[in-house]
Structures are given as C-alpha cells and as structure tokens.
file input.txt (compact mmCIF, C-alpha atoms)
# COMPACT_ATOMS: atom_id res chain seq x y z
CA GLN A 1 -32.14 -8.11 17.34
CA VAL A 2 -28.52 -7.76 18.43
CA GLU A 3 -27.51 -11.09 16.86
CA SER A 4 -29.33 -10.16 13.67
CA MET A 5 -27.55 -6.80 13.63
CA LEU A 6 -24.14 -8.43 14.05
CA ARG A 7 -24.84 -10.96 11.29
CA VAL A 8 -25.69 -8.16 8.85
CA THR A 9 -22.61 -6.19 9.95
CA ARG A 10 -20.33 -9.19 9.38
CA VAL A 11 -21.80 -9.82 5.93
CA LEU A 12 -21.31 -6.18 4.94
CA SER A 13 -17.79 -6.17 6.40
CA SER A 14 -16.86 -9.25 4.36
CA GLN A 15 -17.92 -7.37 1.23
CA ASN A 16 -15.74 -4.36 2.08
CA PRO A 17 -12.07 -5.01 1.15
CA GLN A 18 -10.84 -2.41 3.66
CA LEU A 19 -12.59 -4.12 6.58
CA ASN A 20 -11.83 -7.61 5.30
CA GLN A 21 -8.04 -7.16 5.36
CA ARG A 22 -5.65 -7.64 8.22
CA LEU A 23 -5.97 -5.02 10.95
CA ARG A 24 -3.33 -2.31 10.51
CA ARG A 25 -4.14 0.40 13.04
CA VAL A 26 -0.48 0.86 13.97
CA LEU A 27 2.35 0.51 11.45
CA PHE A 28 5.39 0.54 13.74
CA ASN A 29 8.70 1.44 12.10
CA VAL A 30 11.97 0.03 13.47
CA PRO A 31 15.48 0.67 12.03
CA GLY A 32 16.72 -2.65 10.69
CA SER A 33 20.25 -1.96 11.88
CA ASP A 34 19.33 -1.41 15.53
CA ASP A 35 19.40 -4.64 17.58
CA ARG A 36 18.08 -2.98 20.73
CA LYS A 37 15.02 -1.49 19.03
CA ILE A 38 14.28 -4.71 17.14
CA THR A 39 14.40 -6.70 20.38
CA LYS A 40 12.18 -4.08 22.06
CA ALA A 41 9.62 -4.45 19.28
CA THR A 42 9.25 -8.17 19.97
CA GLY A 43 7.62 -7.33 23.31
CA LEU A 44 5.15 -4.75 22.02
CA ASN A 45 1.51 -5.47 21.27
CA LEU A 46 1.69 -4.58 17.57
CA ASP A 47 -0.62 -4.94 14.60
CA CYS A 48 2.37 -4.53 12.27
CA VAL A 49 6.13 -4.28 12.70
CA VAL A 50 8.12 -2.73 9.84
CA LEU A 51 11.84 -3.48 9.89
CA ASP A 52 13.32 -0.63 7.89
CA LEU A 53 16.09 -0.61 5.30
CA GLU A 54 15.43 2.90 4.05
CA ASP A 55 15.53 6.28 5.84
CA GLY A 56 15.97 4.81 9.30
CA VAL A 57 19.30 3.21 8.31
CA ALA A 58 22.57 5.05 7.60
CA ILE A 59 24.04 4.44 4.17
CA ASN A 60 27.04 2.60 5.64
CA GLN A 61 24.75 0.31 7.64
CA LYS A 62 22.55 -0.99 4.81
CA GLU A 63 24.33 -4.35 4.52
CA VAL A 64 24.30 -4.78 8.29
CA ALA A 65 20.57 -4.02 8.34
CA ARG A 66 19.82 -6.61 5.65
CA GLU A 67 21.63 -9.27 7.65
CA LYS A 68 19.96 -8.27 10.94
CA ILE A 69 16.47 -8.31 9.40
CA VAL A 70 16.96 -11.79 7.96
CA GLU A 71 18.33 -13.00 11.29
CA SER A 72 15.54 -11.31 13.27
CA TYR A 73 12.64 -12.68 11.24
CA ARG A 74 14.21 -16.13 11.29
CA ASN A 75 14.98 -16.27 15.01
CA LYS A 76 12.75 -13.78 16.88
CA SER A 77 9.03 -13.91 17.58
CA PHE A 78 7.00 -10.75 17.09
CA GLY A 79 3.83 -12.30 18.47
CA ARG A 80 0.66 -11.52 16.55
CA ALA A 81 2.31 -8.72 14.57
CA GLU A 82 2.29 -8.72 10.79
CA ARG A 83 5.94 -8.82 9.65
CA LEU A 84 6.93 -6.21 7.06
CA ILE A 85 10.12 -4.89 5.47
CA ARG A 86 10.52 -1.39 4.07
CA ILE A 87 13.03 -1.58 1.25
CA ASN A 88 14.94 1.32 -0.30
CA ALA A 89 13.20 3.22 -3.07
CA ILE A 90 13.05 1.73 -6.54
CA GLY A 91 15.70 3.59 -8.50
CA SER A 92 17.90 4.30 -5.48
CA GLY A 93 20.45 1.70 -6.58
CA LEU A 94 19.94 -0.20 -3.31
CA GLU A 95 16.59 -1.84 -3.97
CA LEU A 96 17.82 -4.93 -5.83
CA GLN A 97 20.21 -5.83 -3.02
CA ASP A 98 17.34 -5.38 -0.55
CA LEU A 99 15.04 -7.58 -2.60
CA GLU A 100 17.55 -10.27 -3.47
CA GLN A 101 19.56 -10.49 -0.22
CA CYS A 102 16.88 -9.74 2.36
CA VAL A 103 13.34 -10.04 0.99
CA ALA A 104 13.77 -13.07 -1.28
CA PRO A 105 15.20 -15.54 1.29
CA LEU A 106 12.54 -14.60 3.85
CA ALA A 107 9.72 -14.69 1.30
CA GLN A 108 10.82 -18.11 0.08
CA ASP A 109 10.42 -19.45 3.63
CA GLY A 110 7.15 -17.63 4.30
CA LEU A 111 8.73 -15.47 7.01
CA ILE A 112 7.44 -12.06 5.89
CA ASP A 113 3.88 -10.95 5.33
CA ALA A 114 4.18 -7.68 3.44
CA LEU A 115 6.51 -5.12 1.90
CA VAL A 116 6.46 -1.34 2.20
CA ILE A 117 7.61 0.23 -1.07
CA PRO A 118 8.73 3.82 -0.41
CA LYS A 119 8.54 6.84 -2.71
CA VAL A 120 6.18 5.22 -5.19
CA GLU A 121 5.42 7.61 -8.06
CA ASN A 122 4.29 5.20 -10.79
CA THR A 123 3.30 1.58 -11.29
CA THR A 124 6.59 0.71 -13.03
CA GLN A 125 8.20 0.74 -9.58
CA LEU A 126 5.66 -1.81 -8.33
CA ASP A 127 6.29 -3.96 -11.40
CA VAL A 128 9.97 -4.24 -10.39
CA VAL A 129 8.97 -5.68 -7.01
CA GLU A 130 6.53 -8.05 -8.67
CA ARG A 131 9.23 -9.48 -10.96
CA VAL A 132 11.57 -10.25 -8.05
CA LEU A 133 8.83 -11.80 -5.92
CA ASN A 134 7.73 -13.95 -8.87
CA ASN A 135 11.03 -15.83 -8.58
CA CYS A 136 10.71 -16.53 -4.85
CA GLY A 137 8.49 -19.61 -4.94
CA SER A 138 4.94 -20.35 -3.89
CA LYS A 139 5.24 -19.07 -0.30
CA ALA A 140 6.05 -15.59 -1.59
CA LEU A 141 2.62 -15.40 -3.21
CA ASP A 142 1.15 -14.44 0.17
CA VAL A 143 3.31 -11.31 0.44
CA LYS A 144 1.18 -8.15 0.34
CA ILE A 145 2.32 -4.74 -0.85
CA LEU A 146 1.85 -1.30 0.73
CA ALA A 147 2.82 1.73 -1.38
CA ALA A 148 4.14 4.89 0.29
CA ILE A 149 3.00 8.19 -1.22
CA GLU A 150 5.70 10.78 -0.59
CA SER A 151 5.82 13.41 -3.37
CA ALA A 152 3.80 15.79 -5.52
CA LYS A 153 4.19 13.43 -8.49
CA ALA A 154 2.81 10.56 -6.40
CA ILE A 155 -0.27 12.60 -5.49
CA VAL A 156 -0.82 13.48 -9.15
CA ASN A 157 -0.48 9.80 -10.13
CA LEU A 158 -2.63 8.37 -7.32
CA ARG A 159 -5.28 7.03 -9.66
CA GLU A 160 -2.70 4.96 -11.54
CA ILE A 161 -0.91 3.78 -8.39
CA SER A 162 -4.01 2.85 -6.40
CA SER A 163 -5.49 0.85 -9.28
CA TRP A 164 -2.31 -1.22 -9.88
CA LYS A 165 -3.14 -4.86 -10.35
CA SER A 166 -0.87 -7.89 -10.32
CA ARG A 167 -1.73 -11.43 -11.36
CA MET A 168 0.10 -12.81 -8.33
CA PHE A 169 0.39 -10.13 -5.63
CA ARG A 170 -2.02 -7.75 -3.95
CA LEU A 171 -1.65 -4.06 -3.26
CA GLU A 172 -3.46 -3.67 0.07
CA GLY A 173 -2.75 -0.14 1.20
CA LEU A 174 -1.44 3.37 0.65
CA ILE A 175 0.79 5.09 3.22
CA PHE A 176 0.98 8.87 3.39
CA ALA A 177 4.55 9.99 4.20
CA SER A 178 4.07 13.61 5.16
CA GLU A 179 7.64 14.73 5.82
CA ASP A 180 8.98 13.65 2.43
CA TYR A 181 5.91 15.17 0.79
CA CYS A 182 6.48 18.49 2.58
CA ALA A 183 10.14 18.52 1.56
CA ASP A 184 9.21 17.80 -2.05
CA VAL A 185 6.50 20.46 -2.29
CA GLY A 186 8.17 23.08 -0.07
CA ILE A 187 5.47 23.04 2.60
CA THR A 188 6.11 24.47 6.07
CA ARG A 189 4.50 22.25 8.69
CA SER A 190 2.15 23.71 11.28
CA PRO A 191 0.71 22.00 14.39
CA ALA A 192 -2.79 22.01 12.84
CA ALA A 193 -1.46 20.39 9.62
CA THR A 194 -4.10 22.18 7.53
CA GLU A 195 -1.51 22.54 4.76
CA LEU A 196 -1.66 18.73 4.33
CA LEU A 197 -5.44 18.34 4.07
CA PHE A 198 -5.48 18.10 0.27
CA ALA A 199 -2.77 15.46 0.11
CA ARG A 200 -4.18 13.45 3.03
CA SER A 201 -7.67 13.54 1.55
CA SER A 202 -6.35 12.54 -1.86
CA VAL A 203 -4.60 9.47 -0.46
CA VAL A 204 -7.55 8.28 1.61
CA THR A 205 -10.04 8.90 -1.22
CA HIS A 206 -8.06 6.94 -3.80
CA ALA A 207 -7.46 4.14 -1.31
CA ALA A 208 -11.18 3.89 -0.54
CA ALA A 209 -12.06 3.93 -4.24
CA GLU A 210 -9.92 0.81 -4.79
CA GLY A 211 -10.80 -0.95 -1.53
CA LEU A 212 -7.33 -0.33 -0.06
CA GLN A 213 -6.38 0.53 3.48
CA SER A 214 -4.94 3.98 4.12
CA ILE A 215 -2.19 4.58 6.68
CA ASP A 216 -1.81 8.14 7.94
CA MET A 217 1.34 10.18 8.56
CA VAL A 218 3.82 9.89 11.41
CA CYS A 219 3.45 12.23 14.38
CA LEU A 220 7.01 13.38 15.02
CA ASP A 221 6.17 14.93 18.41
CA TYR A 222 6.15 11.48 20.01
CA GLN A 223 6.21 12.76 23.60
CA ASN A 224 3.02 14.82 23.26
CA SER A 225 0.04 12.47 23.50
CA GLU A 226 -2.46 15.33 23.02
CA ILE A 227 -1.03 16.30 19.63
CA LEU A 228 -0.87 12.64 18.65
CA MET A 229 -4.49 11.96 19.64
CA ASN A 230 -5.65 15.02 17.69
CA GLU A 231 -3.83 13.70 14.62
CA VAL A 232 -5.26 10.20 15.09
CA VAL A 233 -8.85 11.41 15.50
CA THR A 234 -8.55 13.80 12.54
CA GLY A 235 -7.14 11.01 10.40
CA ARG A 236 -9.88 8.57 11.42
CA HIS A 237 -12.54 11.18 10.70
CA MET A 238 -10.99 11.64 7.25
CA GLY A 239 -11.32 7.91 6.64
CA TYR A 240 -7.83 6.60 7.43
CA THR A 241 -7.71 3.04 8.69
CA GLY A 242 -4.36 3.26 10.52
CA LYS A 243 -1.36 5.40 11.37
CA GLN A 244 2.41 5.09 11.34
CA ALA A 245 4.30 5.10 14.65
CA ILE A 246 7.97 5.59 15.50
CA HIS A 247 7.97 5.27 19.31
CA PRO A 248 6.41 2.76 21.73
CA ASN A 249 4.71 5.66 23.57
CA GLN A 250 2.52 6.23 20.52
CA ILE A 251 1.08 2.75 20.18
CA GLN A 252 -1.69 2.74 22.80
CA THR A 253 -2.81 6.26 21.92
CA ILE A 254 -3.25 5.24 18.29
CA TYR A 255 -5.19 2.11 19.26
CA GLU A 256 -7.51 4.21 21.42
CA GLY A 257 -7.97 6.80 18.68
CA PHE A 258 -9.03 4.19 16.13
CA ARG A 259 -11.51 2.60 18.53
CA PRO A 260 -15.05 4.04 18.23
CA SER A 261 -16.22 5.75 21.41
CA GLU A 262 -18.91 4.17 23.58
CA ASN A 263 -21.38 6.88 22.53
CA GLN A 264 -20.64 6.31 18.85
CA LEU A 265 -21.06 2.58 19.25
CA LYS A 266 -24.35 2.87 21.15
CA PHE A 267 -25.74 5.29 18.58
CA ALA A 268 -24.60 3.08 15.69
CA LYS A 269 -26.28 0.01 17.19
CA ARG A 270 -29.50 1.99 17.72
CA LEU A 271 -29.48 3.05 14.05
CA ILE A 272 -29.02 -0.52 12.82
CA ILE A 273 -31.76 -1.95 15.03
CA GLU A 274 -34.14 0.91 14.23
CA ASN A 275 -33.44 0.48 10.53
CA GLN A 276 -34.38 -3.21 10.72
CA VAL A 277 -37.72 -2.23 12.27
CA MET A 278 -38.35 0.54 9.73
CA GLN A 279 -37.46 -1.65 6.76
CA LYS A 280 -40.13 -4.13 7.84
CA GLU A 281 -42.59 -1.24 7.93
CA GLY A 282 -41.55 -0.17 4.44
CA LYS A 283 -39.79 3.02 5.53
CA GLY A 284 -36.45 3.91 3.96
CA ALA A 285 -35.85 7.03 6.06
CA PHE A 286 -36.61 7.69 9.72
CA SER A 287 -35.63 9.92 12.62
CA VAL A 288 -33.43 9.15 15.64
CA ASP A 289 -32.75 11.84 18.26
CA GLY A 290 -33.91 14.52 15.85
CA LYS A 291 -31.55 13.36 13.09
CA MET A 292 -32.83 12.16 9.72
CA ILE A 293 -31.46 8.67 9.05
CA ASP A 294 -31.26 6.92 5.67
CA MET A 295 -29.09 4.24 4.10
CA PRO A 296 -25.74 6.15 4.05
CA MET A 297 -26.03 6.66 7.81
CA VAL A 298 -26.93 3.00 8.30
CA LYS A 299 -23.82 1.99 6.33
CA TRP A 300 -21.77 4.29 8.58
CA ALA A 301 -23.30 2.57 11.61
CA HIS A 302 -22.37 -0.90 10.34
CA ARG A 303 -18.81 0.32 9.76
CA ILE A 304 -18.58 1.64 13.34
CA VAL A 305 -19.81 -1.67 14.75
CA ALA A 306 -17.35 -3.58 12.55
CA GLN A 307 -14.46 -1.37 13.69
CA ALA A 308 -15.43 -1.92 17.32
CA GLU A 309 -15.55 -5.67 16.83
CA ASN A 310 -12.12 -5.69 15.14
CA SER A 311 -10.47 -3.53 17.79

call {"tool": "encode", "arguments": {"input": "input.txt", "output": "structure tokens"}}
result
Amino acid sequence: QVESMLRVTRVLSSQNPQLNQRLRRVLFNVPGSDDRKITKATGLNLDCVVLDLEDGVAINQKEVAREKIVESYRNKSFGRAERLIRINAIGSGLELQDLEQCVAPLAQDGLIDALVIPKVENTTQLDVVERVLNNCGSKALDVKILAAIESAKAIVNLREISSWKSRMFRLEGLIFASEDYCADVGITRSPAATELLFARSSVVTHAAAEGLQSIDMVCLDYQNSEILMNEVVTGRHMGYTGKQAIHPNQIQTIYEGFRPSENQLKFAKRLIIENQVMQKEGKGAFSVDGKMIDMPMVKWAHRIVAQAENS
C-alpha cells in the first residue's frame, strides 16, 4: 500500500509545475559587493543563493559588485545551491550594465541558473531581460526567471505578470517584497502583518493559477526565531512554497517551517491509503477521525507527502 501511495504521489507531483520545479524553500540574499558574506554563503546548506546587485549594494559599489559576482560564480563553489543574480530594476538605468557585464558572460558559460528581476510591474520589463538573454547563446536557455512583486501597480497587474510567456525562457516564480510594497502603499508594518494579507494572498493565488512557485517576504527581525517561525508557518498555510532570507540564522528555521509535521504526514498517508481502499469499494467520500474526506482533501494529502519527500 505504501509503495502504491508513493507512486501515485510522484505521478501527481510530476503533473504539478510547482512541485516539479527546483526546490526553493530558502532564497538567500547576499550583497554582491561583500566578499566576506559571499564566502560565508559558500559554506551554507542553501537551496538558492542570490548574489545581489540591487538594494543590497551602494550606488558607488555597483561596478565592484558586478566584477565580484562574475569572479565568485566562476571560481567559488556554492555546493548544491541554485545560483541566482538579482539585477537592478528595469528602468533604473543600471539594468543594461548588469545584464551585459555580469549576467551575459556567466549565462554564456552556463554558470548561473536563474535571475531575480526586481520591481516588476508589467511584462515589458520581462521582455527586456528576454532580449538580452536571447543573445547569450544556447547555455543561457536554461536560465529561469523569478519576478519580484513590490508595488501597488504590481499587485494590480499580477494577472498579466504571472501569465507572461516566453518562447525561450521560463518564468518559474513570484517573490513578494513586503518592505518596498509597504513603502509604496504607505502601510505601517505590525508584528502580526495582517495589513499584508491581501497582497500576500494575491501573489500566492496568481502564482498557483499559473503553476509558479511563490516566495514569501523577508523577516527583518532575524534574531527572533519565534517571529520568523510564525511568519514561515503562516506563509506555508497560505500556500507559499518558500521564503526569502537575509541572515544565516534564518535558514534552518525556514527549512523546518516548510517541512510538514510528523502528525500532518501520518494523517496524510492515512488519507491516501484509506482513499485507495474506498475507491475500490466505489466510495468517493469517507470519514477519518470524524472528518469527512473527499478528493480535495486527498489532493492535499498527496501534496503533503510530496513536500515531505522533497524536504
């Protein structure tokens, strides 16, 4: 029964684009101009490392950061981590230098896996990235794109952004950047973050509709593991598939938060096995522990088992 259950789970997972993509529970941001932090990141057990050219780098250090990122991805090993670059926003006046001097040479040699495009508000910005990557040779075709949602206009245009299609490149995820969004809208942050529920839900819903991953906001209080875990669990319950991190202390907490609990996993496996029995008896709905179970709950159970296997 267990083997049969796992076979069904793997088939269903392969049909779900979110579960069939590379694991991105932690998106770890590192300033591209900081040698010490880049070197530190090489020793961390990361799903994804993002060497940053944008907000984490002072304006007079942009050129230095481009050079350090190229050097780092050429000469340093980041282990199993997916290698990403966050460029400056399209329209900032810095993006073409980022793309041509930093992204293009690495993409041509197959040394980066994905790009984070910040402050995306429309698909025209993604088209700019596509045009540059098109000139980088065949190895660049494997570069994936993650779009950061950071403003009121981005939330309003989520349907357009999330459904962007390219003949050559794949949009694989949406990132919710809460601090820029708050600044744009005029929101005052609270510890409970209830003022962000609409925006967070909008991002995760549009991502799910298009089979994209959704990466939740940064927890700025990086020394408080309780606040971080609350954010992680809330985000996972909302449907987020990962979370941004800015400090090594946050990594393990996020991994733990995105791992289904033992009780959840046991219950999910029971539902799947019981469903197999009931289907043979011609029953579409049944009861487990006083709860009515039908196909939506069984799908949830397969997702929990798949998440446990991946983590």

call {"tool": "closest_residue", "arguments": {"input": "input.txt", "among": "A:His247, A:Lys153, A:Arg86, A:Arg36", "to": "Val185 of chain A", "atoms": "only C-alpha atoms"}}
result
A:Lys153

call {"tool": "residues_around", "arguments": {"input": "input.txt", "residues": "segment 67-70 of chain A", "least_positions_apart": "4", "cutoff": "8 Å", "atoms": "only C-alpha atoms", "output": "number ranges by chain"}}
result
A: 32-33, 35, 51, 63, 74, 102, 105-106

call {"tool": "write_last_selection", "arguments": {"input": "input.txt", "atoms": "C-alpha atoms", "output": "short mmCIF file (atom, residue, chain, number, x, y, z; two decimals), in the coordinates of the input"}}
result
data_model
loop_
_atom_site.label_atom_id
_atom_site.label_comp_id
_atom_site.auth_asym_id
_atom_site.auth_seq_id
_atom_site.Cartn_x
_atom_site.Cartn_y
_atom_site.Cartn_z
CA GLY A 32 16.72 -2.65 10.69
CA SER A 33 20.25 -1.96 11.88
CA ASP A 35 19.40 -4.64 17.58
CA LEU A 51 11.84 -3.48 9.89
CA GLU A 63 24.33 -4.35 4.52
CA ARG A 74 14.21 -16.13 11.29
CA CYS A 102 16.88 -9.74 2.36
CA PRO A 105 15.20 -15.54 1.29
CA LEU A 106 12.54 -14.60 3.85
#

call {"tool": "residues_around", "arguments": {"input": "input.txt", "residues": "segment 201-207 of chain A", "least_positions_apart": "6", "cutoff": "12 Å", "atoms": "only C-alpha atoms", "output": "PyMOL selection string"}}
result
chain A and resi 17-18+146-152+154-164+171-178+194-195+213-217+234-243

call {"tool": "closest_residue", "arguments": {"input": "input.txt", "among": "A:Leu197, A:Ile38, A:Ala183, A:Ile112", "to": "Lys76 of chain A", "atoms": "all atoms listed in the file"}}
result
A:Ile38

call {"tool": "residues_around", "arguments": {"input": "input.txt", "residues": "Ile272 of chain A", "least_positions_apart": "4", "cutoff": "9 Å", "atoms": "all atoms listed in the file", "output": "list in words"}}
result
Met5, Phe267, Ala268, Gln276, Val277, Val298, Lys299, Ala301 and His302 of chain A

call {"tool": "atom_distance", "arguments": {"input": "input.txt", "atom1": "atom CA of Cys136 of chain A", "atom2": "atom CA of Val30 of chain A"}}
result
24.7 Å

call {"tool": "atom_distance", "arguments": {"input": "input.txt", "atom1": "atom CA of Ala308 of chain A", "atom2": "atom CA of Asp221 of chain A"}}
result
27.4 Å

call {"tool": "atom_distance", "arguments": {"input": "input.txt", "atom1": "atom CA of Asn230 of chain A", "atom2": "atom CA of Tyr181 of chain A"}}
result
20.5 Å
